[in-house]
Structure formats: structure tokens, C-alpha cells
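S.K.: So here's start-v9.pdb, just PDB, C-alpha atoms:
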```pdb
MODEL        1
ATOM      1  CA  MET A  28       0.000   0.000   0.000
ATOM      2  CA  PRO A  29       1.571   3.348  -1.003
ATOM      3  CA  GLU A  30       1.945   5.697   1.947
ATOM      4  CA  GLY A  31       0.477   8.592  -0.029
ATOM      5  CA  VAL A  32      -2.960   6.967   0.314
ATOM      6  CA  PHE A  33      -2.898   7.331   4.089
ATOM      7  CA  VAL A  34      -1.507  10.863   3.922
ATOM      8  CA  GLY A  35      -4.305  11.872   1.542
ATOM      9  CA  PHE A  36      -7.024  10.570   3.858
ATOM     10  CA  ALA A  37      -5.234  12.197   6.806
ATOM     11  CA  ILE A  38      -5.389  15.581   5.042
ATOM     12  CA  VAL A  39      -9.144  15.246   4.415
ATOM     13  CA  ILE A  40      -9.770  14.292   8.057
ATOM     14  CA  PHE A  41      -7.573  17.186   9.184
ATOM     15  CA  ILE A  42      -9.750  19.581   7.160
ATOM     16  CA  THR A  43     -12.919  18.279   8.869
ATOM     17  CA  MET A  44     -11.114  18.849  12.182
ATOM     18  CA  LEU A  45     -10.249  22.438  11.262
ATOM     19  CA  LEU A  46     -13.879  23.124  10.299
ATOM     20  CA  GLY A  47     -14.734  22.436  13.936
ATOM     21  CA  PHE A  48     -13.184  25.813  14.783
ATOM     22  CA  ILE A  49     -16.188  27.452  13.090
ATOM     23  CA  ARG A  50     -18.372  25.998  15.856
ATOM     24  CA  VAL A  51     -15.910  27.192  18.518
ATOM     25  CA  GLU A  52     -16.191  30.680  17.099
ATOM     26  CA  ARG A  53     -19.991  30.694  16.722
ATOM     27  CA  GLY A  54     -20.886  29.117  20.036
ATOM     28  CA  PRO A  55     -23.511  30.099  21.133
ATOM     29  CA  THR A  56     -23.219  28.227  24.442
ATOM     30  CA  ALA A  57     -20.132  26.914  26.199
ATOM     31  CA  ALA A  58     -21.421  23.355  25.719
ATOM     32  CA  ASP A  59     -21.330  23.895  21.952
ATOM     33  CA  ARG A  60     -17.691  24.932  22.183
ATOM     34  CA  MET A  61     -16.999  21.854  24.252
ATOM     35  CA  LEU A  62     -18.442  19.714  21.458
ATOM     36  CA  ALA A  63     -15.690  21.003  19.196
ATOM     37  CA  ALA A  64     -13.184  19.706  21.749
ATOM     38  CA  GLN A  65     -14.876  16.314  21.488
ATOM     39  CA  LEU A  66     -14.537  16.529  17.705
ATOM     40  CA  PHE A  67     -10.829  17.257  18.042
ATOM     41  CA  GLY A  68     -10.475  14.235  20.327
ATOM     42  CA  THR A  69     -12.061  11.759  17.917
ATOM     43  CA  THR A  70     -10.564  13.124  14.712
ATOM     44  CA  GLY A  71      -7.201  13.560  16.437
ATOM     45  CA  VAL A  72      -7.159   9.846  17.257
ATOM     46  CA  ALA A  73      -8.010   9.010  13.640
ATOM     47  CA  LEU A  74      -5.313  11.364  12.363
ATOM     48  CA  MET A  75      -2.630   9.925  14.632
ATOM     49  CA  LEU A  76      -3.479   6.327  13.664
ATOM     50  CA  LEU A  77      -3.367   7.208   9.954
ATOM     51  CA  LEU A  78      -0.021   8.974  10.288
ATOM     52  CA  ALA A  79       1.401   6.092  12.347
ATOM     53  CA  GLU A  80       0.544   3.801   9.445
ATOM     54  CA  ALA A  81       1.722   6.200   6.720
ATOM     55  CA  PHE A  82       5.156   6.948   8.151
ATOM     56  CA  GLN A  83       5.634   3.714  10.131
ATOM     57  CA  VAL A  84       5.938   5.517  13.478
ATOM     58  CA  PRO A  85       4.380   3.147  16.035
ATOM     59  CA  ALA A  86       4.795   5.719  18.845
ATOM     60  CA  LEU A  87       1.979   7.786  17.289
ATOM     61  CA  ARG A  88      -0.440   5.017  18.327
ATOM     62  CA  ASP A  89       0.402   5.861  21.934
ATOM     63  CA  VAL A  90      -0.237   9.524  21.152
ATOM     64  CA  ALA A  91      -3.665   8.467  19.879
ATOM     65  CA  LEU A  92      -4.393   6.730  23.191
ATOM     66  CA  VAL A  93      -3.330   9.829  25.149
ATOM     67  CA  LEU A  94      -5.551  12.046  22.958
ATOM     68  CA  ALA A  95      -8.520   9.756  23.578
ATOM     69  CA  LEU A  96      -7.978   9.938  27.324
ATOM     70  CA  LEU A  97      -7.396  13.701  27.354
ATOM     71  CA  ALA A  98     -10.593  14.356  25.378
ATOM     72  CA  ALA A  99     -12.537  12.525  28.094
ATOM     73  CA  VAL A 100     -10.725  14.374  30.872
ATOM     74  CA  THR A 101     -11.364  17.800  29.309
ATOM     75  CA  GLY A 102     -15.057  16.996  28.956
ATOM     76  CA  ILE A 103     -15.368  15.860  32.565
ATOM     77  CA  ALA A 104     -13.392  18.875  33.836
ATOM     78  CA  PHE A 105     -15.683  21.159  31.822
ATOM     79  CA  VAL A 106     -18.814  19.643  33.344
ATOM     80  CA  LYS A 107     -17.421  19.878  36.897
ATOM     81  CA  ARG A 108     -16.420  23.484  36.372
ATOM     82  CA  ALA A 109     -19.687  24.417  34.672
ATOM     83  CA  ASN A 110     -21.614  23.165  37.688
ATOM     84  CA  GLN A 111     -19.569  25.340  40.030
ATOM     85  CA  ILE A 112     -19.659  28.587  38.084
ATOM     86  CA  GLN A 113     -22.989  30.076  37.139
ATOM     87  CA  GLY A 114     -21.479  33.214  35.688
ATOM     88  CA  SER A 115     -21.916  35.102  32.471
ATOM     89  CA  GLU A 116     -21.277  32.057  30.339
ATOM     90  CA  THR A 117     -22.797  28.950  31.820
ATOM     91  CA  PRO A 118     -23.068  25.900  29.560
ATOM     92  CA  GLY A 119     -26.653  26.996  29.087
ATOM     93  CA  GLY A 120     -26.673  30.654  28.319
ATOM     94  CA  THR A 121     -29.077  31.653  25.627
ATOM     95  CA  VAL A 122     -29.921  29.591  22.618
ATOM     96  CA  SER A 123     -30.143  31.830  19.603
TER
ATOM     97  CA  MET B  24      -2.619  -3.888  -5.497
ATOM     98  CA  SER B  25      -4.383  -6.928  -4.139
ATOM     99  CA  TRP B  26      -8.112  -7.161  -3.425
ATOM    100  CA  MET B  27      -7.264  -6.522   0.225
ATOM    101  CA  ASP B  28      -5.810  -3.124  -0.693
ATOM    102  CA  PHE B  29      -9.031  -2.221  -2.495
ATOM    103  CA  LEU B  30     -11.036  -3.262   0.571
ATOM    104  CA  VAL B  31      -8.833  -1.088   2.808
ATOM    105  CA  ILE B  32      -9.204   1.924   0.507
ATOM    106  CA  ALA B  33     -12.974   1.429   0.286
ATOM    107  CA  LEU B  34     -13.226   1.313   4.082
ATOM    108  CA  LEU B  35     -11.062   4.442   4.365
ATOM    109  CA  ILE B  36     -13.356   6.286   1.931
ATOM    110  CA  VAL B  37     -16.443   5.275   3.947
ATOM    111  CA  SER B  38     -14.847   6.329   7.214
ATOM    112  CA  THR B  39     -13.766   9.708   5.825
ATOM    113  CA  ALA B  40     -17.330  10.222   4.612
ATOM    114  CA  PHE B  41     -18.569   9.615   8.168
ATOM    115  CA  PHE B  42     -16.082  12.155   9.548
ATOM    116  CA  ILE B  43     -17.244  14.732   6.991
ATOM    117  CA  VAL B  44     -20.887  14.068   7.859
ATOM    118  CA  GLY B  45     -20.115  14.422  11.573
ATOM    119  CA  THR B  46     -18.510  17.816  11.058
ATOM    120  CA  ILE B  47     -21.374  18.998   8.818
ATOM    121  CA  GLY B  48     -23.790  17.931  11.550
ATOM    122  CA  LEU B  49     -21.813  19.848  14.150
ATOM    123  CA  LEU B  50     -21.945  22.967  12.003
ATOM    124  CA  ARG B  51     -25.504  22.767  10.685
ATOM    125  CA  PHE B  52     -27.720  21.317  13.402
ATOM    126  CA  PRO B  53     -29.839  23.737  15.437
ATOM    127  CA  ASP B  54     -29.156  22.968  19.110
ATOM    128  CA  VAL B  55     -26.561  21.404  21.373
ATOM    129  CA  TYR B  56     -28.357  18.052  21.730
ATOM    130  CA  SER B  57     -28.719  17.381  18.021
ATOM    131  CA  ARG B  58     -25.126  18.497  17.451
ATOM    132  CA  LEU B  59     -24.003  16.063  20.129
ATOM    133  CA  HIS B  60     -26.006  13.312  18.460
ATOM    134  CA  ALA B  61     -24.493  13.985  15.024
ATOM    135  CA  LEU B  62     -20.968  14.401  16.271
ATOM    136  CA  THR B  63     -20.566  11.472  18.647
ATOM    137  CA  LYS B  64     -22.344   8.823  16.595
ATOM    138  CA  ALA B  65     -21.012   9.683  13.151
ATOM    139  CA  ASP B  66     -17.444  10.306  14.280
ATOM    140  CA  ASN B  67     -17.203   7.177  16.404
ATOM    141  CA  LEU B  68     -18.532   5.012  13.595
ATOM    142  CA  GLY B  69     -16.076   6.670  11.221
ATOM    143  CA  LEU B  70     -13.241   5.962  13.637
ATOM    144  CA  GLY B  71     -14.379   2.351  13.974
ATOM    145  CA  ILE B  72     -14.362   1.815  10.212
ATOM    146  CA  LEU B  73     -10.985   3.522   9.919
ATOM    147  CA  ILE B  74      -9.569   1.268  12.633
ATOM    148  CA  LEU B  75     -11.009  -1.765  10.859
ATOM    149  CA  ALA B  76      -9.239  -0.664   7.667
ATOM    150  CA  LEU B  77      -5.926  -0.114   9.458
ATOM    151  CA  ALA B  78      -6.239  -3.441  11.294
ATOM    152  CA  LEU B  79      -6.811  -5.252   7.979
ATOM    153  CA  ASN B  80      -3.856  -3.420   6.477
ATOM    154  CA  SER B  81      -1.440  -4.154   9.303
ATOM    155  CA  ALA B  82       0.633  -7.302   9.060
ATOM    156  CA  SER B  83       0.918  -7.891  12.784
ATOM    157  CA  GLY B  84      -1.983  -9.276  14.782
ATOM    158  CA  LEU B  85      -0.847  -7.501  17.952
ATOM    159  CA  VAL B  86      -1.128  -4.108  16.286
ATOM    160  CA  SER B  87      -4.646  -4.986  15.104
ATOM    161  CA  ILE B  88      -5.745  -5.960  18.608
ATOM    162  CA  ARG B  89      -4.243  -2.766  19.973
ATOM    163  CA  LEU B  90      -6.111  -0.655  17.424
ATOM    164  CA  MET B  91      -9.370  -2.361  18.401
ATOM    165  CA  LEU B  92      -8.670  -1.653  22.070
ATOM    166  CA  THR B  93      -8.040   2.008  21.210
ATOM    167  CA  TRP B  94     -11.482   2.115  19.622
ATOM    168  CA  VAL B  95     -13.072   0.573  22.717
ATOM    169  CA  LEU B  96     -11.387   3.213  24.883
ATOM    170  CA  VAL B  97     -12.586   6.016  22.613
ATOM    171  CA  LEU B  98     -16.133   4.609  22.621
ATOM    172  CA  VAL B  99     -16.305   4.417  26.417
ATOM    173  CA  ALA B 100     -14.737   7.862  26.862
ATOM    174  CA  THR B 101     -16.938   9.594  24.283
ATOM    175  CA  ALA B 102     -20.142   7.969  25.507
ATOM    176  CA  THR B 103     -19.444   9.060  29.090
ATOM    177  CA  THR B 104     -18.454  12.596  28.138
ATOM    178  CA  SER B 105     -21.363  13.168  25.774
ATOM    179  CA  HIS B 106     -23.870  12.074  28.425
ATOM    180  CA  LEU B 107     -22.222  14.421  30.934
ATOM    181  CA  ILE B 108     -22.244  17.370  28.514
ATOM    182  CA  ALA B 109     -25.879  16.765  27.586
ATOM    183  CA  ARG B 110     -26.868  16.588  31.255
ATOM    184  CA  ALA B 111     -24.925  19.759  32.107
ATOM    185  CA  ALA B 112     -26.627  21.583  29.239
ATOM    186  CA  ARG B 113     -30.045  20.305  30.367
ATOM    187  CA  GLU B 114     -29.486  21.302  33.994
ATOM    188  CA  SER B 115     -28.370  24.779  33.025
ATOM    189  CA  GLY B 116     -31.578  25.278  31.116
ATOM    190  CA  VAL B 117     -30.873  24.791  27.420
ATOM    191  CA  GLU B 118     -34.224  23.992  25.871
ATOM    192  CA  PRO B 119     -34.266  21.369  23.121
ATOM    193  CA  TRP B 120     -34.970  22.835  19.718
ATOM    194  CA  VAL B 121     -38.494  22.301  18.384
ATOM    195  CA  LYS B 122     -39.534  22.793  14.801
ATOM    196  CA  PRO B 123     -41.102  26.251  14.613
TER
ENDMDL
END
```
Is it possible to express this structure as C-alpha cells?
M.R.:
Amino acid sequence: MPEGVFVGFAIVIFITMLLGFIRVERGPTAADRMLAAQLFGTTGVALMLLLAEAFQVPALRDVALVLALLAAVTGIAFVKRANQIQGSETPGGTVS
Amino acid sequence: MSWMDFLVIALLIVSTAFFIVGTIGLLRFPDVYSRLHALTKADNLGLGILILALALNSASGLVSIRLMLTWVLVLVATATTSHLIARAARESGVEPWVKP
């Protein structure tokens, strides 16, 4: 299998990851922005696994595992924090 | 190119399509719950198909098992986090979108 195949798919998946920034920018609630972090977690894992295969770097599979764990930790930390603070930007806020 | 290579490429195309659909759902859907639904389901299925393709492509059985275990970890983590985010949004008073 030529390595360019994996790099090509990795580029397409990277573009879908970058499009997630549009949702970070638009919001409208903090929970919506957190969803983009979830997107980065899942697509980041996919990206790392593809690149590990393309360039034969097995260590990137460990990076994928760490990304999967960190995405869960960020989500849980967000929920804990959101319950404590009921400030100007709660996860609720206003739905436009 | 053997038939296995074609199978791997076909699976990669399907999985990339799922990732694209997940991102479109995140950008286009009207409220946080439907975005969560689009994102978590489509992306996790896309990741599963991608991992299946990579496992078929890899020569070593150990690597394949490890990729499958990575998928299981991602599934458990994403399911937990998405439930927590949805509950936090519900408790802080985000109303589900209804068709006007």
C-alpha cells in the first residue's frame, strides 16, 4: 500500500477537524464549544493512527491513546467546572 | 494492489465520509443536543471503520488488537463525556430545539 494513500485521507480528516473551529467561534453556548473539543479528540485519534501507518511511526499510536484519554478528561473537567460557576457564560446561556 | 488493498481503501473512503458528515452535523444542526447526536455517533462510527481498515492493512496481529482496544477506549470515553455534557446543558436550562 503506497503511503500517499494514508496521507491523503489524513489531510481530508484534518480539514474536517479544522472546520470544527467554526463551531468554537460561533458558540452560542459553552457546551457547543466543548463539542468542538470532542470533535478534536475523535478526529485527532483518527489522524494519529493514519499517520502512524503512513510513516511507520508506532509511537503515534500511543499519542492516539493519550488524545482519547485527554478528550474525556477535558469533557469531565468542563462539566465539573460548569456546575460550580454560574457566571456570564454557563453551559446553558441563551440559545439563539 | 491486491483485493485486500481495495477493501482497505474502500473502508477508508467510507470512514472519511462519516467524519465529513459528523462535522457537517456539528456545524448545521440547530441545538446542542442534536449536534451532540451527530458528532458522537457519526465520528465514532467513522473511527471504527478507519480502525477496521488499518487493522486489515497491518501485518501484525498484535497491532490490530491494539487498534481495536483504542477504539473501545474512545467509545467508552466519548459515551461518558457526551452524556455528561448533555446533562450539564439540560441542567443549566438549554431547551431542546423544536420545529417552529
S.K.: Find the spatial neighbours of A:Leu96, counting only C-alpha atoms, within a cut-off of 8 Å - ignore same-chain residues fewer than 2 positions away - and output them as an MDAnalysis selection string.
M.R.: (chainID A and resid 92:94 98:100) or (chainID B and resid 96:97 100)
S.K.: Could you give me, as CSV, a per-residue list for stretch 48-82 of chain A showing, wherever an atom lies at most 10 Å from an atom of stretch 103-107 of chain B, the closest pair of atoms and their distance in Å to one decimal, using all atoms listed in the file and sorting by chain then residue number from low to high?
M.R.:
```
residue,atom,partner,partner_atom,distance
A:Met61,CA,B:Ser105,CA,9.8
A:Leu62,CA,B:Ser105,CA,8.4
A:Gln65,CA,B:Ser105,CA,8.4
```
S.K.: Do me a favour and pick out the residues of chain A within 9 Å of chain B, using only C-alpha atoms, as an NGL selection string.
M.R.: :A and (28 or 32-33 or 36-37 or 39-40 or 42-44 or 46-47 or 49-50 or 56-59 or 61-63 or 65-66 or 68-70 or 72-73 or 76-77 or 80 or 88 or 91-92 or 95-96 or 98-103 or 105-107 or 109-110 or 113 or 117-123)
S.K.: Suppose you want the space between atom CA of B:Leu34 and atom CA of A:Gly35; what is it in Å?
M.R.: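 Result for atom CA of B:Leu34 versus atom CA of A:Gly35: 14.1 Å, one decimal.
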S.K.: Calculated over only C-alpha atoms, which of the candidates B:Ala82, B:Ala33, B:Ala76, B:Phe52 has the smallest distance to B:Lys122?
M.R.: B:Phe52
S.K.: Please compute the atom CA of A:Val51-atom CA of A:Phe67 distance, one decimal, in Å.
M.R.: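 Distance reported for this atom pair: 11.2 Å.
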S.K.: Quick check, in Å to one decimal: how far apart do atom CA of A:Phe41 and atom CA of A:Ala64 lie?
M.R.: 14.0 Å
